[in-house]
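Enquirer: Below is the structure I would like to discuss, written out as structure tokens.
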Amino acid sequence: MISKSIFKDVEVSQERYTGRFKTETIDEVLRAFQRIKEFEYSNDEDKIEINPKK
Amino acid sequence: MKKRNIKIIVHKFLCNTATTEEIEFLTKWVQKNKLSFQEDVQLNHLVTGLFEEEKAERLKRDLLENFEQFEIRERRNQMFNLLKYAAFFIGIIVVGTLFYLRGSTEKDLPQKQITITLGDGSTKEILNVESSELISSSGTYAAEQEGSKIIYKKKSGKTLKNSGPLVYNTLEVPYGKKFEIVLSDGTEVYLNTGSSLTYPVAFYDEGPRNVVLRGEAYFYVKSDSLRPFSVDAGLLDTRVLGTEFNISNYPDDQYTKVVLVEGSVSINKGEDPASQAIFLKPYQMASYYVSSANLAVSDVDVSSHIAWKDGILLFKNEDFYRITKKLERHYDIEINI
């Protein structure tokens, strides 16, 4: 099976992170990442769009 | 008033466009037709699709405000009844919202199911049931399902000589799900999301035990000196006697990694079975990248490679690209950056 990540923003994609999640939703996970990296995201029917914060 | 008009009024009421007179009429009508009203409300929202969570919350607020305004202007002396029916309406909206959201999820986002392809080529869905279910009982061997696990059992007193073809099953796990298989030799295999395993329903009594993996799995191989266990993972072949290890070879990762937790394994390049095998010690990882065609061994912290087995998403100093790959598989989502 092929996952579908598409990267246009090299800066965001090259950041390195450490984290541990078990019961969190995808929104909770992304909000956790937002605490250490400024970005915006939208979640439209499980299609996540991540962009640098304007 | 005709039934058709009631439906219109109910719709207008929920869209916050009903007049005071219509709300007054509706209130009286509901007193005698609670079940019909409930049905109308649910149908209305199923048809119009108003029950997005945010809209439902707004509707609830508007509903209360409507009743309060109506009560102030027209029916101060009926406050208790109106609030009672407001509560009734809200209850219906909440139930209807849950009903609609649940229905729309099933309709718009069909659940991908774990499937098993049997020896005769037929494919069936594996439903996550609590009680045991017989998957196949033909011949000497049978498998039972216990929730998210299938257990293949060899019936006592039976043997399988090295003659005749083996019967293979293929279990496929979609993104967002995991599954466990106990093979007929007692080997336990945890299949990660987006993975498949092809394996014989029963192994021969002697000779190699071969399975094919695509994706990621954790193996507890049952020790058997007469029957070495082999995993064909595309780029790498892993051979063991009895041990614990994790293999990851998702096609879009462009690599295969074998992480040894206990015991020992030998590894060959899948494309070159005659190549010299390398041996791993516990807490070592063999990596083979398509780009370099190089088989390398390194010491690793195994926890970040096997945490998925316990339902944990663990990232240790990983770039966002790798993380989003894991998130997509774990949550069955699509991420664009």
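FYI, nothing fancy with the structure tokens labels: chains A, B, ... in order, residues from 1 per chain, ligands from 1 as they appear.
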Using only C-alpha atoms, which protein or nucleic acid residues come within 7 Å of Tyr41 in chain A? Drop anything in the same chain fewer than 6 positions from it, and give the result as JSON, numbers by chain.
Expert: {"A": [48, 49, 50, 51]}
Enquirer: Please find the residues of chain B near chain A - the criterion being any atom within 8 Å, counting only C-alpha atoms - and write them as a PyMOL selection string.
Expert: chain B and resi 194-195+215+250-252+311-321+324-325+327-329+331-337
Enquirer: Store the residues picked out above in a file with C-alpha atoms, as an mmCIF file, in the first residue's frame.
Expert:
```
data_model
loop_
_atom_site.group_PDB
_atom_site.id
_atom_site.type_symbol
_atom_site.label_atom_id
_atom_site.label_comp_id
_atom_site.auth_asym_id
_atom_site.auth_seq_id
_atom_site.Cartn_x
_atom_site.Cartn_y
_atom_site.Cartn_z
ATOM 1 C CA GLY B 194 -1.302 -1.148 5.634
ATOM 2 C CA SER B 195 0.349 -4.580 5.597
ATOM 3 C CA GLY B 215 4.393 -3.704 4.991
ATOM 4 C CA TYR B 250 6.434 -0.638 2.948
ATOM 5 C CA PRO B 251 6.757 -0.230 -0.835
ATOM 6 C CA ASP B 252 6.748 3.573 -0.708
ATOM 7 C CA GLY B 311 -0.623 0.922 19.764
ATOM 8 C CA ILE B 312 1.951 3.645 20.452
ATOM 9 C CA LEU B 313 3.059 6.223 17.914
ATOM 10 C CA LEU B 314 6.653 6.869 18.893
ATOM 11 C CA PHE B 315 8.910 9.346 17.129
ATOM 12 C CA LYS B 316 12.525 9.764 18.169
ATOM 13 C CA ASN B 317 14.343 12.592 16.417
ATOM 14 C CA GLU B 318 12.490 11.836 13.185
ATOM 15 C CA ASP B 319 11.936 14.245 10.347
ATOM 16 C CA PHE B 320 8.438 15.423 9.587
ATOM 17 C CA TYR B 321 8.324 13.430 6.370
ATOM 18 C CA THR B 324 3.595 12.077 8.376
ATOM 19 C CA LYS B 325 4.064 8.671 6.742
ATOM 20 C CA LEU B 327 0.442 9.351 10.776
ATOM 21 C CA GLU B 328 -1.112 8.554 7.397
ATOM 22 C CA ARG B 329 -0.855 4.833 8.031
ATOM 23 C CA TYR B 331 -4.974 7.240 11.089
ATOM 24 C CA ASP B 332 -5.749 6.334 7.457
ATOM 25 C CA ILE B 333 -5.508 9.939 6.343
ATOM 26 C CA GLU B 334 -3.853 11.941 3.563
ATOM 27 C CA ILE B 335 -1.377 14.698 4.409
ATOM 28 C CA ASN B 336 -0.269 17.456 2.062
ATOM 29 C CA ILE B 337 2.431 19.914 3.076
#
```
Enquirer: Just to confirm, what's the straight-line distance from CA of Ala217 in chain B to CA of Tyr199 in chain B in Å (one decimal)?
Expert: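 Computing the Euclidean distance for CA of Ala217 in chain B and CA of Tyr199 in chain B yields 13.1 Å.
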